[in-house]
Amino acid sequence: MENTSTTTSKRVSILDQIPQSNAPSPSSVPSTSTIPVTLHINGTEYNLQIDPRVTLLDVLREYIGLTGTKKGCDHGQCGACTVLSDGYRINSCLTLAVSYDGEQITTIEGLAEGEDLHPVQEAFLHHDAFQCGYCTPGQIMSAVGLLLEGHAKTDADIREQMSGNICRCGAYANIFAAVRELCDGEDNSNANA
Ligand code: FES
Ligand code: FES
C-alpha cells in the first residue's frame, strides 16, 4: 500500500514555520521545550523537532504540508482526520505526534501509486461516494483500514465499522456501496444505507 521506493529525509522545525514578522515576542508566550521525533509518513522519513503537545494531525497539515487529512471537529467525533498507523485506523486529532515516533503512518496522499489510484479510491469514484469531499479522505482511509482488518462480514458490520466517519452531505448510501463492493466483489450501486 505504501510507496517506499522514494524514501527521502527532510528536517522540519516548528520554528521554521513561524513567519518572522508574526512571531510572538519571547516574553509573551509560555516557555516550552521541543523534542526530536522521527515520523515515517507515506514512505518518507521526517526528522522533526516539536513540542510534545502537538497532535499528529497538526504535524501533518501545518508542519509537513500534507493537507489531504482534514480537520473537522478536532475532538475525535467526525473521523475527518483518519490516518493509518501500521495499517490500523487512528484519529490523528486525538494523537500526540511524539507517541508515533518511529511508526509507519499512511495518509490519503500515500494511497495512490503514481497515477494508479488505490482500489478504495477507484470505488469511491465509481459510486460517486462524495459531494463536497471534505469527509472523503477520512472515509477512504477508514475503508482501507476496515478492509485490512477483515472483520466486516455483513452490511451491518460495514455500517458499524464506518460509523466513526461522519458525512455532512449525507453521501452514506454511495459510500456504503463503494465499501460493500470491495468487501465482497459485488456491485452494490443501488444498495440502501
Ligand atoms: S477532526 Fe479528528 S475526529 Fe474530527
Ligand atoms: S461529502 Fe461532504 S461531508 Fe461528506
# chains A, B, ... in the order shown; residues from 1 in each chain; ligands from 1
call {"tool": "select_by_dssp", "arguments": {"residues": "range 71-185 of chain A", "states": "strand (DSSP E or B)", "output": "list in words"}}
result
Thr82, Val83, Leu84, Ser85, Tyr88, Arg89, Ile90, Asn91, Leu96, Gln104, Ile105, Thr106, Glu113 and Asp116 of chain A
call {"tool": "write_last_selection", "arguments": {"atoms": "N, CA and C atoms", "output": "mmCIF file, in the first residue's frame"}}
result
data_model
loop_
_atom_site.group_PDB
_atom_site.id
_atom_site.type_symbol
_atom_site.label_atom_id
_atom_site.label_comp_id
_atom_site.auth_asym_id
_atom_site.auth_seq_id
_atom_site.Cartn_x
_atom_site.Cartn_y
_atom_site.Cartn_z
ATOM 1 N N THR A 82 -8.857 10.749 9.903
ATOM 2 C CA THR A 82 -8.415 9.354 9.979
ATOM 3 C C THR A 82 -7.174 9.098 9.117
ATOM 4 N N VAL A 83 -6.158 8.509 9.726
ATOM 5 C CA VAL A 83 -4.976 8.016 9.002
ATOM 6 C C VAL A 83 -4.699 6.607 9.510
ATOM 7 N N LEU A 84 -3.742 5.944 8.894
ATOM 8 C CA LEU A 84 -3.386 4.586 9.309
ATOM 9 C C LEU A 84 -2.032 4.581 9.986
ATOM 10 N N SER A 85 -1.936 3.810 11.058
ATOM 11 C CA SER A 85 -0.656 3.541 11.697
ATOM 12 C C SER A 85 -0.436 2.038 11.646
ATOM 13 N N TYR A 88 -3.588 0.262 10.942
ATOM 14 C CA TYR A 88 -4.747 0.430 11.816
ATOM 15 C C TYR A 88 -5.203 1.882 11.806
ATOM 16 N N ARG A 89 -6.513 2.075 11.885
ATOM 17 C CA ARG A 89 -7.091 3.415 11.834
ATOM 18 C C ARG A 89 -6.869 4.168 13.140
ATOM 19 N N ILE A 90 -6.499 5.411 13.019
ATOM 20 C CA ILE A 90 -6.411 6.266 14.197
ATOM 21 C C ILE A 90 -6.974 7.644 13.843
ATOM 22 N N ASN A 91 -7.522 8.302 14.853
ATOM 23 C CA ASN A 91 -7.928 9.697 14.700
ATOM 24 C C ASN A 91 -6.711 10.562 15.011
ATOM 25 N N LEU A 96 -1.048 12.341 19.899
ATOM 26 C CA LEU A 96 0.160 13.156 20.005
ATOM 27 C C LEU A 96 1.204 12.611 19.038
ATOM 28 N N GLN A 104 5.052 3.738 11.261
ATOM 29 C CA GLN A 104 4.703 3.960 9.858
ATOM 30 C C GLN A 104 3.310 4.560 9.781
ATOM 31 N N ILE A 105 3.226 5.753 9.234
ATOM 32 C CA ILE A 105 1.943 6.444 9.088
ATOM 33 C C ILE A 105 1.591 6.513 7.600
ATOM 34 N N THR A 106 0.336 6.221 7.287
ATOM 35 C CA THR A 106 -0.142 6.370 5.909
ATOM 36 C C THR A 106 -1.285 7.366 5.889
ATOM 37 N N GLU A 113 -0.476 4.838 -6.266
ATOM 38 C CA GLU A 113 0.860 4.510 -6.771
ATOM 39 C C GLU A 113 1.033 5.286 -8.064
ATOM 40 N N ASP A 116 -1.889 5.509 -10.553
ATOM 41 C CA ASP A 116 -2.814 4.416 -10.252
ATOM 42 C C ASP A 116 -3.430 4.611 -8.872
#
call {"tool": "select_by_dssp", "arguments": {"residues": "range 37-118 of chain A", "states": "helix (DSSP H, G or I)", "output": "NGL selection string"}}
result
:A and (56-64 or 92-94 or 97-100 or 108-110)
call {"tool": "write_last_selection", "arguments": {"atoms": "all heavy atoms", "output": "CSV table (one decimal), in the first residue's frame"}}
result
chain,number,residue,atom,x,y,z
A,56,LEU,N,-0.7,14.7,16.0
A,56,LEU,CA,-0.3,14.2,14.7
A,56,LEU,C,-1.0,15.0,13.5
A,56,LEU,O,-0.3,15.3,12.5
A,56,LEU,CB,-0.5,12.7,14.6
A,56,LEU,CG,-0.2,12.0,13.3
A,56,LEU,CD1,1.3,12.2,13.0
A,56,LEU,CD2,-0.6,10.5,13.3
A,57,LEU,N,-2.2,15.3,13.7
A,57,LEU,CA,-3.0,16.0,12.7
A,57,LEU,C,-2.3,17.3,12.3
A,57,LEU,O,-2.1,17.7,11.2
A,57,LEU,CB,-4.4,16.2,13.1
A,57,LEU,CG,-5.3,17.0,12.2
A,57,LEU,CD1,-5.4,16.4,10.8
A,57,LEU,CD2,-6.7,17.2,12.7
A,58,ASP,N,-2.0,18.1,13.4
A,58,ASP,CA,-1.3,19.4,13.1
A,58,ASP,C,0.1,19.2,12.5
A,58,ASP,O,0.5,20.1,11.7
A,58,ASP,CB,-1.3,20.2,14.4
A,58,ASP,CG,-2.6,20.8,14.8
A,58,ASP,OD1,-3.5,20.9,13.9
A,58,ASP,OD2,-2.9,21.1,16.0
A,59,VAL,N,0.8,18.2,12.9
A,59,VAL,CA,2.1,18.0,12.3
A,59,VAL,C,1.9,17.7,10.8
A,59,VAL,O,2.6,18.3,10.0
A,59,VAL,CB,2.8,16.8,13.0
A,59,VAL,CG1,4.0,16.4,12.1
A,59,VAL,CG2,3.3,17.2,14.4
A,60,LEU,N,0.9,16.8,10.5
A,60,LEU,CA,0.7,16.5,9.1
A,60,LEU,C,0.3,17.8,8.3
A,60,LEU,O,0.9,18.0,7.2
A,60,LEU,CB,-0.4,15.5,8.9
A,60,LEU,CG,-0.2,14.1,9.4
A,60,LEU,CD1,-1.4,13.3,9.4
A,60,LEU,CD2,0.9,13.4,8.6
A,61,ARG,N,-0.6,18.5,8.8
A,61,ARG,CA,-1.1,19.6,8.0
A,61,ARG,C,-0.3,20.9,8.1
A,61,ARG,O,0.0,21.5,7.0
A,61,ARG,CB,-2.6,20.0,8.5
A,61,ARG,CG,-3.6,19.0,8.1
A,61,ARG,CD,-5.0,19.4,8.6
A,61,ARG,NE,-5.3,20.7,8.1
A,61,ARG,CZ,-5.9,20.9,6.8
A,61,ARG,NH1,-6.1,19.8,6.1
A,61,ARG,NH2,-6.1,22.1,6.4
A,62,GLU,N,0.2,21.3,9.3
A,62,GLU,CA,0.8,22.6,9.5
A,62,GLU,C,2.3,22.5,9.3
A,62,GLU,O,2.9,23.5,8.9
A,62,GLU,CB,0.4,23.1,10.8
A,62,GLU,CG,-1.0,23.1,11.1
A,62,GLU,CD,-1.9,24.0,10.2
A,62,GLU,OE1,-1.3,24.9,9.6
A,62,GLU,OE2,-3.0,23.7,10.0
A,63,TYR,N,2.9,21.4,9.6
A,63,TYR,CA,4.4,21.4,9.6
A,63,TYR,C,5.0,20.7,8.4
A,63,TYR,O,6.1,21.0,8.0
A,63,TYR,CB,4.9,20.8,10.9
A,63,TYR,CG,4.5,21.5,12.2
A,63,TYR,CD1,4.3,20.8,13.3
A,63,TYR,CD2,4.2,22.9,12.2
A,63,TYR,CE1,3.8,21.4,14.5
A,63,TYR,CE2,3.7,23.5,13.3
A,63,TYR,CZ,3.5,22.8,14.4
A,63,TYR,OH,3.1,23.4,15.6
A,64,ILE,N,4.2,19.7,7.9
A,64,ILE,CA,4.7,18.9,6.8
A,64,ILE,C,4.0,19.3,5.5
A,64,ILE,O,4.6,19.2,4.4
A,64,ILE,CB,4.6,17.4,7.1
A,64,ILE,CG1,5.4,17.0,8.3
A,64,ILE,CG2,4.9,16.6,5.8
A,64,ILE,CD1,5.3,15.6,8.7
A,92,SER,N,-6.2,11.2,14.0
A,92,SER,CA,-4.9,11.9,14.2
A,92,SER,C,-5.1,13.2,15.1
A,92,SER,O,-4.1,13.7,15.6
A,92,SER,CB,-4.3,12.3,12.9
A,92,SER,OG,-5.1,13.0,12.1
A,93,CYS,N,-6.3,13.6,15.2
A,93,CYS,CA,-6.6,14.8,16.0
A,93,CYS,C,-6.5,14.5,17.5
A,93,CYS,O,-6.3,15.4,18.4
A,93,CYS,CB,-7.9,15.5,15.7
A,93,CYS,SG,-9.4,14.5,16.3
A,94,LEU,N,-6.6,13.2,17.9
A,94,LEU,CA,-6.5,12.7,19.3
A,94,LEU,C,-5.2,12.1,19.6
A,94,LEU,O,-5.0,11.6,20.7
A,94,LEU,CB,-7.6,11.7,19.5
A,94,LEU,CG,-9.1,12.1,19.5
A,94,LEU,CD1,-10.0,11.0,19.9
A,94,LEU,CD2,-9.3,13.3,20.4
A,97,ALA,N,1.8,13.5,18.3
A,97,ALA,CA,2.8,13.0,17.3
A,97,ALA,C,3.9,12.3,17.9
A,97,ALA,O,4.4,11.3,17.3
A,97,ALA,CB,3.3,14.3,16.5
A,98,VAL,N,4.3,12.7,19.1
A,98,VAL,CA,5.5,12.1,19.7
A,98,VAL,C,5.3,10.6,20.0
A,98,VAL,O,6.2,9.8,20.1
A,98,VAL,CB,5.9,12.8,21.0
A,98,VAL,CG1,6.5,14.2,20.6
A,98,VAL,CG2,4.8,12.9,22.0
A,99,SER,N,4.0,10.3,20.2
A,99,SER,CA,3.7,8.9,20.5
A,99,SER,C,3.8,7.9,19.3
A,99,SER,O,3.7,6.7,19.5
A,99,SER,CB,2.3,8.7,21.1
A,99,SER,OG,1.3,9.1,20.2
A,100,TYR,N,4.0,8.5,18.1
A,100,TYR,CA,4.2,7.7,16.9
A,100,TYR,C,5.6,7.8,16.4
A,100,TYR,O,5.9,7.6,15.2
A,100,TYR,CB,3.1,8.1,15.9
A,100,TYR,CG,1.8,7.4,16.3
A,100,TYR,CD1,1.0,8.1,17.2
A,100,TYR,CD2,1.5,6.2,15.8
A,100,TYR,CE1,-0.2,7.5,17.6
A,100,TYR,CE2,0.3,5.6,16.2
A,100,TYR,CZ,-0.5,6.2,17.1
A,100,TYR,OH,-1.7,5.6,17.5
A,108,ILE,N,-3.9,9.9,3.2
A,108,ILE,CA,-4.6,9.8,1.9
A,108,ILE,C,-3.6,10.0,0.7
A,108,ILE,O,-3.7,9.4,-0.4
A,108,ILE,CB,-5.7,10.8,1.8
A,108,ILE,CG1,-6.6,10.5,0.5
A,108,ILE,CG2,-5.3,12.2,1.8
A,108,ILE,CD1,-7.4,9.3,0.6
A,109,GLU,N,-2.6,10.8,0.9
A,109,GLU,CA,-1.6,11.1,-0.1
A,109,GLU,C,-0.7,9.9,-0.4
A,109,GLU,O,-0.1,9.8,-1.5
A,109,GLU,CB,-0.7,12.3,0.3
A,109,GLU,CG,-1.3,13.6,0.3
A,109,GLU,CD,-1.9,14.0,1.7
A,109,GLU,OE1,-2.0,13.1,2.6
A,109,GLU,OE2,-2.1,15.2,1.9
A,110,GLY,N,-0.7,8.9,0.5
A,110,GLY,CA,0.2,7.8,0.3
A,110,GLY,C,-0.5,6.6,-0.3
A,110,GLY,O,0.1,5.5,-0.4
call {"tool": "residues_near_ligand", "arguments": {"ligand": "ligand 1", "cutoff": "8 Å", "atoms": "only C-alpha atoms and all ligand atoms", "output": "PyMOL selection string"}}
result
chain A and resi 57+70-82+91-94+164-165
call {"tool": "closest_atom_pairs", "arguments": {"of": "chain A", "to": "ligand 2", "cutoff": "6 Å", "atoms": "only C-alpha atoms and all ligand atoms", "output": "CSV"}}
result
residue,atom,partner,partner_atom_place_in_ligand_line,distance
A:Phe130,CA,ligand 2,1 (S),4.1
A:Gln131,CA,ligand 2,1 (S),4.0
A:Cys132,CA,ligand 2,2 (Fe),3.8
A:Gly133,CA,ligand 2,1 (S),4.1
A:Tyr134,CA,ligand 2,3 (S),4.9
A:Cys135,CA,ligand 2,4 (Fe),4.3
A:Thr136,CA,ligand 2,4 (Fe),5.8
A:Cys167,CA,ligand 2,4 (Fe),3.7
A:Arg168,CA,ligand 2,3 (S),4.1
A:Cys169,CA,ligand 2,2 (Fe),4.2
A:Ala171,CA,ligand 2,1 (S),5.8
call {"tool": "residues_around", "arguments": {"residues": "Thr38 in chain A", "least_positions_apart": "3", "cutoff": "7 Å", "atoms": "only C-alpha atoms", "output": "short mmCIF file (atom, residue, chain, number, x, y, z; two decimals) with C-alpha atoms, in the first residue's frame"}}
result
data_model
loop_
_atom_site.label_atom_id
_atom_site.label_comp_id
_atom_site.auth_asym_id
_atom_site.auth_seq_id
_atom_site.Cartn_x
_atom_site.Cartn_y
_atom_site.Cartn_z
CA GLU A 45 11.22 9.96 6.85
CA TYR A 46 10.66 13.28 8.63
CA ASN A 47 13.03 14.32 11.40
CA LEU A 48 11.14 16.86 13.46
CA ASP A 101 7.96 8.19 16.91
CA GLY A 102 9.35 5.57 14.54
#
call {"tool": "closest_residue", "arguments": {"among": "A:Ile41, A:Ile35, A:Ala143, A:Met162", "to": "Arg53 in chain A", "atoms": "only C-alpha atoms"}}
result
A:Ile35
call {"tool": "atom_distance", "arguments": {"atom1": "CA of Leu146 in chain A", "atom2": "CA of Ile158 in chain A"}}
result
8.1 Å
call {"tool": "closest_residue", "arguments": {"among": "A:Ile50, A:Cys183, A:Met141, A:Ala123", "to": "Asp157 in chain A", "atoms": "only C-alpha atoms"}}
result
A:Cys183
call {"tool": "decode", "arguments": {"residues": "range 82-122 of chain A", "atoms": "N, CA and C atoms", "output": "PDB file, in the first residue's frame"}}
result
ATOM      1  N   THR A  82      -8.857  10.749   9.903  1.00  0.00           N
ATOM      2  CA  THR A  82      -8.415   9.354   9.979  1.00  0.00           C
ATOM      3  C   THR A  82      -7.174   9.098   9.117  1.00  0.00           C
ATOM      4  N   VAL A  83      -6.158   8.509   9.726  1.00  0.00           N
ATOM      5  CA  VAL A  83      -4.976   8.016   9.002  1.00  0.00           C
ATOM      6  C   VAL A  83      -4.699   6.607   9.510  1.00  0.00           C
ATOM      7  N   LEU A  84      -3.742   5.944   8.894  1.00  0.00           N
ATOM      8  CA  LEU A  84      -3.386   4.586   9.309  1.00  0.00           C
ATOM      9  C   LEU A  84      -2.032   4.581   9.986  1.00  0.00           C
ATOM     10  N   SER A  85      -1.936   3.810  11.058  1.00  0.00           N
ATOM     11  CA  SER A  85      -0.656   3.541  11.697  1.00  0.00           C
ATOM     12  C   SER A  85      -0.436   2.038  11.646  1.00  0.00           C
ATOM     13  N   ASP A  86       0.581   1.643  10.869  1.00  0.00           N
ATOM     14  CA  ASP A  86       0.824   0.218  10.650  1.00  0.00           C
ATOM     15  C   ASP A  86      -0.458  -0.499  10.259  1.00  0.00           C
ATOM     16  N   GLY A  87      -1.271   0.148   9.441  1.00  0.00           N
ATOM     17  CA  GLY A  87      -2.479  -0.457   8.889  1.00  0.00           C
ATOM     18  C   GLY A  87      -3.718  -0.295   9.743  1.00  0.00           C
ATOM     19  N   TYR A  88      -3.588   0.262  10.942  1.00  0.00           N
ATOM     20  CA  TYR A  88      -4.747   0.430  11.816  1.00  0.00           C
ATOM     21  C   TYR A  88      -5.203   1.882  11.806  1.00  0.00           C
ATOM     22  N   ARG A  89      -6.513   2.075  11.885  1.00  0.00           N
ATOM     23  CA  ARG A  89      -7.091   3.415  11.834  1.00  0.00           C
ATOM     24  C   ARG A  89      -6.869   4.168  13.140  1.00  0.00           C
ATOM     25  N   ILE A  90      -6.499   5.411  13.019  1.00  0.00           N
ATOM     26  CA  ILE A  90      -6.411   6.266  14.197  1.00  0.00           C
ATOM     27  C   ILE A  90      -6.974   7.644  13.843  1.00  0.00           C
ATOM     28  N   ASN A  91      -7.522   8.302  14.853  1.00  0.00           N
ATOM     29  CA  ASN A  91      -7.928   9.697  14.700  1.00  0.00           C
ATOM     30  C   ASN A  91      -6.711  10.562  15.011  1.00  0.00           C
ATOM     31  N   SER A  92      -6.160  11.173  13.992  1.00  0.00           N
ATOM     32  CA  SER A  92      -4.903  11.901  14.201  1.00  0.00           C
ATOM     33  C   SER A  92      -5.087  13.153  15.051  1.00  0.00           C
ATOM     34  N   CYS A  93      -6.345  13.632  15.199  1.00  0.00           N
ATOM     35  CA  CYS A  93      -6.574  14.809  16.050  1.00  0.00           C
ATOM     36  C   CYS A  93      -6.485  14.463  17.526  1.00  0.00           C
ATOM     37  N   LEU A  94      -6.612  13.181  17.856  1.00  0.00           N
ATOM     38  CA  LEU A  94      -6.534  12.749  19.252  1.00  0.00           C
ATOM     39  C   LEU A  94      -5.176  12.150  19.582  1.00  0.00           C
ATOM     40  N   THR A  95      -4.255  12.224  18.627  1.00  0.00           N
ATOM     41  CA  THR A  95      -2.990  11.511  18.740  1.00  0.00           C
ATOM     42  C   THR A  95      -1.834  12.495  18.875  1.00  0.00           C
ATOM     43  N   LEU A  96      -1.048  12.341  19.899  1.00  0.00           N
ATOM     44  CA  LEU A  96       0.160  13.156  20.005  1.00  0.00           C
ATOM     45  C   LEU A  96       1.204  12.611  19.038  1.00  0.00           C
ATOM     46  N   ALA A  97       1.788  13.492  18.264  1.00  0.00           N
ATOM     47  CA  ALA A  97       2.758  13.048  17.258  1.00  0.00           C
ATOM     48  C   ALA A  97       3.923  12.297  17.897  1.00  0.00           C
ATOM     49  N   VAL A  98       4.344  12.720  19.070  1.00  0.00           N
ATOM     50  CA  VAL A  98       5.512  12.082  19.688  1.00  0.00           C
ATOM     51  C   VAL A  98       5.256  10.616  20.010  1.00  0.00           C
ATOM     52  N   SER A  99       3.977  10.255  20.179  1.00  0.00           N
ATOM     53  CA  SER A  99       3.691   8.864  20.522  1.00  0.00           C
ATOM     54  C   SER A  99       3.822   7.944  19.317  1.00  0.00           C
ATOM     55  N   TYR A 100       4.018   8.522  18.127  1.00  0.00           N
ATOM     56  CA  TYR A 100       4.205   7.708  16.924  1.00  0.00           C
ATOM     57  C   TYR A 100       5.633   7.813  16.388  1.00  0.00           C
ATOM     58  N   ASP A 101       6.538   8.148  17.260  1.00  0.00           N
ATOM     59  CA  ASP A 101       7.958   8.192  16.909  1.00  0.00           C
ATOM     60  C   ASP A 101       8.386   6.829  16.369  1.00  0.00           C
ATOM     61  N   GLY A 102       8.872   6.808  15.140  1.00  0.00           N
ATOM     62  CA  GLY A 102       9.347   5.571  14.542  1.00  0.00           C
ATOM     63  C   GLY A 102       8.281   4.721  13.885  1.00  0.00           C
ATOM     64  N   GLU A 103       7.009   5.100  14.024  1.00  0.00           N
ATOM     65  CA  GLU A 103       5.928   4.297  13.451  1.00  0.00           C
ATOM     66  C   GLU A 103       5.715   4.646  11.974  1.00  0.00           C
ATOM     67  N   GLN A 104       5.052   3.738  11.261  1.00  0.00           N
ATOM     68  CA  GLN A 104       4.703   3.960   9.858  1.00  0.00           C
ATOM     69  C   GLN A 104       3.310   4.560   9.781  1.00  0.00           C
ATOM     70  N   ILE A 105       3.226   5.753   9.234  1.00  0.00           N
ATOM     71  CA  ILE A 105       1.943   6.444   9.088  1.00  0.00           C
ATOM     72  C   ILE A 105       1.591   6.513   7.600  1.00  0.00           C
ATOM     73  N   THR A 106       0.336   6.221   7.287  1.00  0.00           N
ATOM     74  CA  THR A 106      -0.142   6.370   5.909  1.00  0.00           C
ATOM     75  C   THR A 106      -1.285   7.366   5.889  1.00  0.00           C
ATOM     76  N   THR A 107      -1.182   8.352   5.017  1.00  0.00           N
ATOM     77  CA  THR A 107      -2.255   9.328   4.832  1.00  0.00           C
ATOM     78  C   THR A 107      -2.864   9.132   3.443  1.00  0.00           C
ATOM     79  N   ILE A 108      -3.893   9.907   3.164  1.00  0.00           N
ATOM     80  CA  ILE A 108      -4.556   9.804   1.859  1.00  0.00           C
ATOM     81  C   ILE A 108      -3.574  10.035   0.713  1.00  0.00           C
ATOM     82  N   GLU A 109      -2.552  10.841   0.941  1.00  0.00           N
ATOM     83  CA  GLU A 109      -1.570  11.113  -0.114  1.00  0.00           C
ATOM     84  C   GLU A 109      -0.716   9.889  -0.427  1.00  0.00           C
ATOM     85  N   GLY A 110      -0.709   8.922   0.488  1.00  0.00           N
ATOM     86  CA  GLY A 110       0.152   7.763   0.310  1.00  0.00           C
ATOM     87  C   GLY A 110      -0.532   6.560  -0.309  1.00  0.00           C
ATOM     88  N   LEU A 111      -1.797   6.683  -0.688  1.00  0.00           N
ATOM     89  CA  LEU A 111      -2.525   5.518  -1.196  1.00  0.00           C
ATOM     90  C   LEU A 111      -2.232   5.213  -2.664  1.00  0.00           C
ATOM     91  N   ALA A 112      -2.272   6.237  -3.500  1.00  0.00           N
ATOM     92  CA  ALA A 112      -2.097   6.005  -4.931  1.00  0.00           C
ATOM     93  C   ALA A 112      -0.643   5.652  -5.242  1.00  0.00           C
ATOM     94  N   GLU A 113      -0.476   4.838  -6.266  1.00  0.00           N
ATOM     95  CA  GLU A 113       0.860   4.510  -6.771  1.00  0.00           C
ATOM     96  C   GLU A 113       1.033   5.286  -8.064  1.00  0.00           C
ATOM     97  N   GLY A 114       1.592   6.477  -7.975  1.00  0.00           N
ATOM     98  CA  GLY A 114       1.708   7.325  -9.167  1.00  0.00           C
ATOM     99  C   GLY A 114       0.323   7.703  -9.663  1.00  0.00           C
ATOM    100  N   GLU A 115       0.029   7.364 -10.906  1.00  0.00           N
ATOM    101  CA  GLU A 115      -1.272   7.665 -11.485  1.00  0.00           C
ATOM    102  C   GLU A 115      -2.312   6.611 -11.156  1.00  0.00           C
ATOM    103  N   ASP A 116      -1.889   5.509 -10.553  1.00  0.00           N
ATOM    104  CA  ASP A 116      -2.814   4.416 -10.252  1.00  0.00           C
ATOM    105  C   ASP A 116      -3.430   4.611  -8.872  1.00  0.00           C
ATOM    106  N   LEU A 117      -4.734   4.857  -8.876  1.00  0.00           N
ATOM    107  CA  LEU A 117      -5.437   5.052  -7.614  1.00  0.00           C
ATOM    108  C   LEU A 117      -5.559   3.744  -6.847  1.00  0.00           C
ATOM    109  N   HIS A 118      -5.676   3.856  -5.541  1.00  0.00           N
ATOM    110  CA  HIS A 118      -5.955   2.703  -4.689  1.00  0.00           C
ATOM    111  C   HIS A 118      -7.369   2.185  -5.029  1.00  0.00           C
ATOM    112  N   PRO A 119      -7.610   0.882  -4.908  1.00  0.00           N
ATOM    113  CA  PRO A 119      -8.950   0.347  -5.218  1.00  0.00           C
ATOM    114  C   PRO A 119     -10.076   1.042  -4.457  1.00  0.00           C
ATOM    115  N   VAL A 120      -9.829   1.482  -3.230  1.00  0.00           N
ATOM    116  CA  VAL A 120     -10.884   2.195  -2.490  1.00  0.00           C
ATOM    117  C   VAL A 120     -11.156   3.553  -3.134  1.00  0.00           C
ATOM    118  N   GLN A 121     -10.111   4.229  -3.583  1.00  0.00           N
ATOM    119  CA  GLN A 121     -10.322   5.497  -4.284  1.00  0.00           C
ATOM    120  C   GLN A 121     -11.107   5.271  -5.578  1.00  0.00           C
ATOM    121  N   GLU A 122     -10.760   4.196  -6.304  1.00  0.00           N
ATOM    122  CA  GLU A 122     -11.483   3.868  -7.544  1.00  0.00           C
ATOM    123  C   GLU A 122     -12.952   3.595  -7.243  1.00  0.00           C
TER     124      GLU A 122
END
